Structures are given as C-alpha cells and as structure tokens.
Amino acid sequence: MTTLAKLLPSRTPTPSAFLVRFALMAVTLLLIAPAVLSDFRLSLLAKFLCFAIIAIGIGLAWGQGGMLVLGQGLFFGLGGYCMGMHMKIVDAGPGNLPDILTYSGKYDALPALWKPFSSAWFAVPMAILLPMAIAALLGAAVFRQRVRGAYFAILSQAMAAAFVIVIIGNNALTGGTNGLTNFQSFFGLSVIDAADQRILYFMVVIVLLLVFLGTRQLVLGRYGRLLIAARDDEDRVRFLGYDPARIKLIAYVLAAGMAGLAGALFVPVVGIISPALLGIVPSIEMVIWVALGGRTALAWAAAGAVIVNWAKTSISEQFPSGWLYLQGLLFVVVILFLPKGIGGAVDNLRRLAAGRRPTLRGGRPKAPRRGVPAPAPAGRAGEDIA
Amino acid sequence: MTSPDALLKIRNLVVAFDAFHAIDGLDLTLQEQEVRFVIGPNGAGKTTLIDSITNLVRPTSGSIMFAGEELVGRSEHAIVRSGIGRTFQKPSVFDELTVIENVDIAASFRLPFRSLLKRRKGISDEVAEILGSVNLAAQQDNLAGSLSHGQKQWLEVAMVLVQRPRLLLLDEPVAGMTEKERLHTGELVTKIAQEGTTVLVIEHDMDFVRRFAHKVTVMHEGKILTEGTVAEVQMDETVREVYLGRPRDARGAAEEVPA
C-alpha cells in the first residue's frame, strides 16, 4: 500500500486508526475552531453542527437502514418548539405571558399546551422523547404494513408538510409563520452574548461527538449488521427469525430523537424556530447533506451537513441567489458520478492509490421481492407454478 | 397417516392464486427425524408447499400443524422461531456483509435484544464448525457478495444449520452444483438427519434423489400423487404417466434427469 493510500481515511479503520481520527476531529472542533474562527463564524459552525446531528440520524436510518427519511424536519421542529416554548416562558418571567401569546389577545394565562413546558425537566426530555414517540407510532404502523421505498419517503414527507400546516393554522398558539423568536436566555446563558454563545458552541460539539460515538457503536454491533441486512433484503431477514419491522423501527425512532435533540440545540444557538425551517424543502435539504457527504458512513453524513451548509453560506454571501442553482447542480453531479457521496469518492481514491479498482457501484443490489402471489404468478413464489 | 409423534401434519391445504390452485387439497405427514424427498414435474407445487409452510405465501385454506401448533396465520419470523428453517432456490445471502457476519446474525436470532447491541466477539466454536462443514472457513472475512453461486448456496445452508431447526426445508439444494458438491451436500443432509433434524428436500435431480432419498413423495398438480421408496415410486404407473405421459411433461422430466 502506498503512502497516499495510508493518508486517506478508510471505510473500516482499525480501532487505533479510528481513535486517532476521532481525536483529530475532537481537537479541531474543541480547540482549533474556537481559536481561529470569529464569534460570528463560530456560531455559524455551531448551527451547522446541530445539522450534523440530524445528518447522523439520517445516516443511520437511510444509509444503514435504507429508509429514505424525507420528513426529518418534523422531528427537528418538534424538538425546536419544545425548547423554544420553554425558553419563551422563562424569558417572560413567572406569571407573565410570553409575547407570542399576547398578540392574539386570546390568552390571559398560559394555555394548556404551553403549561408543562414551564419546567425544564419536562421541556428538555420532551424535545427528544416527543419526536421519538411520534416516530414510534408512525413507524410501527408503516413498517408492519411493509410500506417501504418511495411510498415511505412520500409518507414521511407528508408528515412534515402536515406539521407545518398545523403550526401555521394555530398561529395564536404557535406564533404561526413567524415561529418563536426574540429569545433572551438559555438556562442562565444569554443567547446574545458572544462569550455565552461560545459555551453553547462547546455544548453542541460535545453532544455531537457523543451522538456520533453512540451511533457508531450501534452500527458496528450485531444490530448494525441486522439493519444492513434488513436494508438489503427485508424479506430474507424474516426467514432468519427476526422481525424487520422492529429492526427498522429502532433506527427510525433513534433518528427522530437525534433530529429532536438537534432542534433543541438549534433554538438557543440560532435564536429562532419557525415553519420555514422544518417544512418539505428543509427536510429534503437534510437528505441532500447526507447524500453529498456519503450516506453509508456516519462521519461523512455529518461532514456533509457542515460542508454543504458552509458552502451555502459562503456562496450566498458572494452570489445571493446563486446557491439554489449550485445546490441542484451538486445534487445531480453526486447522483450521476458520486453515488456514495464525497465519502465514497475518497474511498475510491484510496482504492486507486492502493492499486485496486474503484467501484462506481453506488447503490446496493436491488432486493428481490418475494412472497407476492401476483395474479400472474411470477418471481420466487410463483416459480413452480408458472 | 395420523400418528401421535408426527412433527409436521398438513391437512387439506389449498393455495389458490385467483382461479389457479397451486396446492389443491394436499395432505402430508412428516415423522420426527424423517428425511423426505419431494419430487414432481414443473408446476406440481413443490416450492409453493415450502412457501406455504413458512408463510411466504398465505394458504387459502387448510391446516399446517407443526409440533402440535397451527402455523397458518402466524408471521414468518414466528414460524422460524418455532423451529423451522428453509433455504431458497436462488441463494439469498446478504452481499454487503461478510461470510462470518451472515452466519453470525443467523446464529444470534434467539439472543435477547441487549446482546444484539453488542459487537460480535470472535467466533464461537459452533459457527466455526459449521463454516468448516460447508468449506467456507477460508472465506469467512470476505464479503458474501464475492462468493460464487455454489458457495452462496453453502453459506445459506450454514445460516440455516446454525439455527438448529427441528424441521429443515431445502428447496433444490443441489441446483447448479458440481458433481462433487452434490455428493458433499447429500452427505451433509444425511448427517443433519442423523443428528435428529427432520428434513424435507425438494429436488429435481433424480440422480441425487436415487442416491440419497429413502422416502419419496411425488406431487402432481398441487396434490400428492404417491409416496414410497425410490424404487416403488419409479415403478409406479401413475408416476410414469405424469412424467412421461404427455409431451410437455416428458420434456420436463428429461431435463430433470441428467444424461
């Protein structure tokens, strides 16, 4: 193996190689970035790292589990609103109504929906548990019915769209299209103060690193192997004695929890949560980050979120309307030439450097569909009777 | 036919695809530790029989009792957990997992979920032994996708064996195998049966059937035509008629008996 091959990251590193790489990443995020970036850039990076948490969830559900989760905005939004409501109540002070609830003139006291969020002990766990609970309900119904592929993607997207409609439709209660904004403080930290924003940045980095490590552990375990098996041939998994619906449900629910957690961190970092951040378009963008970064490796999925958003910000600063076209172009390029994203391209470079042939094969082999007694008997179930 | 220690008891099974009855009122009884070969011309419903036992196709009516419990209406994975393993005509393994990972997830199916979260540590003696018995020990760290057709068939057999089923359903286990591989498979089936597993083998290769079968069931048009030893079945007039009587089936039978 040549030196170049050694320098490039490999897909399946040895434990010590992983530790070195992880330590490098942690040092970059915890020491170098805060030292070299301005306050403004650092808080932008904090925002992107929130997105990276969503991306790890998508990497798990989509990259490993094959579920095209096109509606993660729903879970991100649920987490964001849980945290946002709590911060609004705290900002208003005891006995006062948050400004958002006074505009309609409908409320003299905290409405029932808001009341429990006065307590941080309720709001913070809810930001994660509520998305997980909704994903569990939705997933249990959908996976048991063996809904998959494009149907699952459309269904999950419809859920995000419906959530936006509910929020806008109840604007007296939710702040409508404006969402929740004008936050002052987050657990004693000022969300405007630069020094406090740095503390928030470190919080986000630590949460991200923990989520990454935990998810990686899960993926490397037997469960991770089963998830890949269920992705590639769900029906075959049944005949090993496992219920693939349960295997997929776990990944889906965890991905929802990660999106909720990201939403809860996003609100103090960015200072707003609104329907525009969690509808159909943002939900699709979340999947694009992961597709560009590389869906089959969690680290690349997370990197995709940072790279795409960094590029979006930089390019939008130069050419305000140029980003949308570039994003579309990038997506097409990735689908055509880099089906495994940047991570897959790096893998191929490594193979080339090592003198082996690159694989352009992006997707997984299409799973044969079994056990469908079609009217005209075809496929495995019908082979004997055709 | 009814016996108290029958492991599998199928009664009046019907599998209908619209008007077509792939299985048409079939009765079949397997005793504990029996090895049964099922033969029959193309379209007799042999694979559909296995598919309906494992609920890959849902029986239209009838009863399938396994160890005293009704299987009809139970989910695929519940049936596997009750002790039935099967292979497929086309080898189905997980190409993106390594050989050892394929066998490992099969072997882990009774583990509590907590243990599934952990990583595989080394290779258990059982897994190593089974990989050895199917000649895949050298390939254990290769991706299953890189195996040859015959090796994938072996891997699939290893995956089902490691689960130690009480009833093993093999759908054309030697299709596409070389003569040497066929022999090895036949010996493996015999060995599995001696260790106490009940085996149902669907086979087209009459040579293989002659060599390894004791009791043979002949299926035709979704029904049992006759049962008996290989010699009895071969002498049976109705069986000859089914295989040789009509031109279409004669061609089918000729293909099934390798020259």
# chains A, B, ... in the order shown; residues from 1 in each chain; ligands from 1
call {"tool": "select_by_dssp", "arguments": {"residues": "segment 110-221 of chain B", "states": "alpha helix (DSSP H)", "output": "count of residues only"}}
result
49
call {"tool": "residues_around", "arguments": {"residues": "Val218 of chain B", "least_positions_apart": "3", "cutoff": "10 Å", "atoms": "only C-alpha atoms", "output": "VMD selection string"}}
result
chain B and resid 37 to 41 44 46 223 to 228 233 239 242
call {"tool": "closest_residue", "arguments": {"among": "A:Ile273, A:Ala127, A:Ala230, A:Leu349", "to": "chain B", "atoms": "only C-alpha atoms"}}
result
A:Ala230
call {"tool": "interface_residues", "arguments": {"of": "chain B", "to": "chain A", "cutoff": "8 Å", "atoms": "only C-alpha atoms", "output": "PyMOL selection string"}}
result
chain B and resi 17-18+22+42-48+51+56-57+76-81+85-86+92-94+96-97+101+105-106+109+116-120+160
call {"tool": "write_last_selection", "arguments": {"atoms": "C-alpha atoms", "output": "PDB file, in the first residue's frame"}}
result
ATOM      1  CA  PHE B  17     -53.810 -17.694  -6.967  1.00  0.00           C
ATOM      2  CA  ASP B  18     -57.137 -16.438  -8.258  1.00  0.00           C
ATOM      3  CA  ALA B  22     -51.099 -24.237  -6.912  1.00  0.00           C
ATOM      4  CA  ASN B  42     -42.575 -28.474 -13.088  1.00  0.00           C
ATOM      5  CA  GLY B  43     -45.649 -26.739 -11.792  1.00  0.00           C
ATOM      6  CA  ALA B  44     -46.533 -29.507  -9.357  1.00  0.00           C
ATOM      7  CA  GLY B  45     -46.491 -27.012  -6.488  1.00  0.00           C
ATOM      8  CA  LYS B  46     -43.379 -28.215  -4.679  1.00  0.00           C
ATOM      9  CA  THR B  47     -41.912 -24.826  -3.897  1.00  0.00           C
ATOM     10  CA  THR B  48     -45.338 -23.464  -3.089  1.00  0.00           C
ATOM     11  CA  ASP B  51     -43.593 -21.352   0.807  1.00  0.00           C
ATOM     12  CA  LEU B  56     -44.135 -16.841   2.302  1.00  0.00           C
ATOM     13  CA  VAL B  57     -47.435 -17.442   0.559  1.00  0.00           C
ATOM     14  CA  GLU B  76     -42.783 -15.647   9.007  1.00  0.00           C
ATOM     15  CA  HIS B  77     -40.375 -14.873  11.812  1.00  0.00           C
ATOM     16  CA  ALA B  78     -42.592 -16.546  14.414  1.00  0.00           C
ATOM     17  CA  ILE B  79     -42.609 -19.712  12.294  1.00  0.00           C
ATOM     18  CA  VAL B  80     -38.817 -19.642  12.062  1.00  0.00           C
ATOM     19  CA  ARG B  81     -38.611 -19.145  15.816  1.00  0.00           C
ATOM     20  CA  GLY B  85     -35.532 -23.304   8.750  1.00  0.00           C
ATOM     21  CA  ARG B  86     -35.532 -23.022   4.997  1.00  0.00           C
ATOM     22  CA  SER B  92     -30.195 -15.460  -0.715  1.00  0.00           C
ATOM     23  CA  VAL B  93     -27.386 -14.161   1.433  1.00  0.00           C
ATOM     24  CA  PHE B  94     -26.512 -10.621   2.447  1.00  0.00           C
ATOM     25  CA  GLU B  96     -22.753  -6.445   1.833  1.00  0.00           C
ATOM     26  CA  LEU B  97     -21.964  -8.433   4.959  1.00  0.00           C
ATOM     27  CA  GLU B 101     -21.382 -11.821   9.694  1.00  0.00           C
ATOM     28  CA  ILE B 105     -26.666 -12.848  12.603  1.00  0.00           C
ATOM     29  CA  ALA B 106     -28.357 -16.128  11.777  1.00  0.00           C
ATOM     30  CA  PHE B 109     -31.643 -14.988  16.403  1.00  0.00           C
ATOM     31  CA  LEU B 116     -27.697  -7.738  19.763  1.00  0.00           C
ATOM     32  CA  LEU B 117     -26.476  -4.240  20.573  1.00  0.00           C
ATOM     33  CA  LYS B 118     -23.033  -5.576  21.312  1.00  0.00           C
ATOM     34  CA  ARG B 119     -20.361  -6.344  18.793  1.00  0.00           C
ATOM     35  CA  ARG B 120     -19.526  -9.852  17.764  1.00  0.00           C
ATOM     36  CA  VAL B 160     -29.965 -22.231   8.406  1.00  0.00           C
TER      37      VAL B 160
END
call {"tool": "residues_around", "arguments": {"residues": "Arg148 of chain A", "least_positions_apart": "4", "cutoff": "9 Å", "atoms": "only C-alpha atoms", "output": "VMD selection string"}}
result
chain A and resid 66 to 68 142 to 143 152 to 153
call {"tool": "residues_around", "arguments": {"residues": "Gly68 of chain B", "least_positions_apart": "3", "cutoff": "9 Å", "atoms": "only C-alpha atoms", "output": "MDAnalysis selection string"}}
result
chainID B and resid 6:9 65
call {"tool": "decode", "arguments": {"residues": "segment 185-215 of chain B", "atoms": "N, CA and C atoms", "output": "compact mmCIF listing (two decimals), in the first residue's frame"}}
result
# COMPACT_ATOMS: atom_id res chain seq x y z
N THR B 185 -23.21 -32.29 -0.47
CA THR B 185 -24.50 -31.85 0.04
C THR B 185 -25.31 -33.04 0.54
N GLY B 186 -25.31 -34.10 -0.27
CA GLY B 186 -26.06 -35.29 0.12
C GLY B 186 -25.57 -35.86 1.43
N GLU B 187 -24.26 -35.88 1.58
CA GLU B 187 -23.68 -36.39 2.84
C GLU B 187 -24.06 -35.49 4.01
N LEU B 188 -24.04 -34.18 3.73
CA LEU B 188 -24.40 -33.22 4.79
C LEU B 188 -25.85 -33.42 5.23
N VAL B 189 -26.74 -33.60 4.25
CA VAL B 189 -28.16 -33.80 4.57
C VAL B 189 -28.32 -35.06 5.42
N THR B 190 -27.62 -36.13 5.01
CA THR B 190 -27.71 -37.38 5.76
C THR B 190 -27.23 -37.17 7.19
N LYS B 191 -26.12 -36.43 7.33
CA LYS B 191 -25.55 -36.20 8.64
C LYS B 191 -26.51 -35.37 9.53
N ILE B 192 -27.10 -34.34 8.93
CA ILE B 192 -28.04 -33.50 9.67
C ILE B 192 -29.19 -34.34 10.20
N ALA B 193 -29.68 -35.23 9.33
CA ALA B 193 -30.80 -36.08 9.71
C ALA B 193 -30.41 -37.02 10.83
N GLN B 194 -29.19 -37.55 10.75
CA GLN B 194 -28.74 -38.46 11.81
C GLN B 194 -28.64 -37.75 13.15
N GLU B 195 -28.35 -36.44 13.09
CA GLU B 195 -28.26 -35.68 14.34
C GLU B 195 -29.63 -35.31 14.88
N GLY B 196 -30.71 -35.70 14.17
CA GLY B 196 -32.03 -35.53 14.75
C GLY B 196 -32.91 -34.47 14.12
N THR B 197 -32.44 -33.86 13.01
CA THR B 197 -33.27 -32.87 12.35
C THR B 197 -34.17 -33.56 11.32
N THR B 198 -35.40 -33.14 11.26
CA THR B 198 -36.30 -33.62 10.23
C THR B 198 -36.06 -32.78 8.98
N VAL B 199 -35.92 -33.45 7.82
CA VAL B 199 -35.56 -32.71 6.61
C VAL B 199 -36.57 -32.99 5.50
N LEU B 200 -37.01 -31.91 4.87
CA LEU B 200 -37.84 -32.03 3.68
C LEU B 200 -37.05 -31.43 2.52
N VAL B 201 -36.75 -32.26 1.51
CA VAL B 201 -35.92 -31.80 0.40
C VAL B 201 -36.76 -31.79 -0.87
N ILE B 202 -36.79 -30.65 -1.53
CA ILE B 202 -37.40 -30.62 -2.85
C ILE B 202 -36.28 -30.78 -3.84
N GLU B 203 -36.41 -31.71 -4.76
CA GLU B 203 -35.29 -31.92 -5.66
C GLU B 203 -35.76 -32.29 -7.05
N HIS B 204 -35.05 -31.75 -8.03
CA HIS B 204 -35.32 -32.05 -9.43
C HIS B 204 -34.38 -33.14 -9.92
N ASP B 205 -33.20 -33.17 -9.31
CA ASP B 205 -32.13 -34.04 -9.80
C ASP B 205 -32.41 -35.49 -9.37
N MET B 206 -32.92 -36.29 -10.29
CA MET B 206 -33.34 -37.65 -9.95
C MET B 206 -32.16 -38.53 -9.52
N ASP B 207 -30.99 -38.22 -10.08
CA ASP B 207 -29.79 -38.95 -9.70
C ASP B 207 -29.52 -38.77 -8.21
N PHE B 208 -29.63 -37.51 -7.78
CA PHE B 208 -29.42 -37.16 -6.39
C PHE B 208 -30.48 -37.85 -5.51
N VAL B 209 -31.72 -37.85 -6.00
CA VAL B 209 -32.81 -38.46 -5.24
C VAL B 209 -32.55 -39.95 -5.06
N ARG B 210 -32.15 -40.60 -6.18
CA ARG B 210 -31.90 -42.03 -6.13
C ARG B 210 -30.82 -42.36 -5.10
N ARG B 211 -29.82 -41.48 -5.05
CA ARG B 211 -28.68 -41.79 -4.21
C ARG B 211 -28.97 -41.54 -2.72
N PHE B 212 -29.73 -40.50 -2.42
CA PHE B 212 -29.82 -40.10 -1.02
C PHE B 212 -31.21 -40.24 -0.41
N ALA B 213 -32.23 -40.49 -1.23
CA ALA B 213 -33.58 -40.50 -0.68
C ALA B 213 -33.93 -41.87 -0.12
N HIS B 214 -34.68 -41.88 0.97
CA HIS B 214 -35.28 -43.10 1.48
C HIS B 214 -36.75 -43.11 1.10
N LYS B 215 -37.46 -42.08 1.57
CA LYS B 215 -38.88 -42.00 1.27
C LYS B 215 -39.12 -40.80 0.36
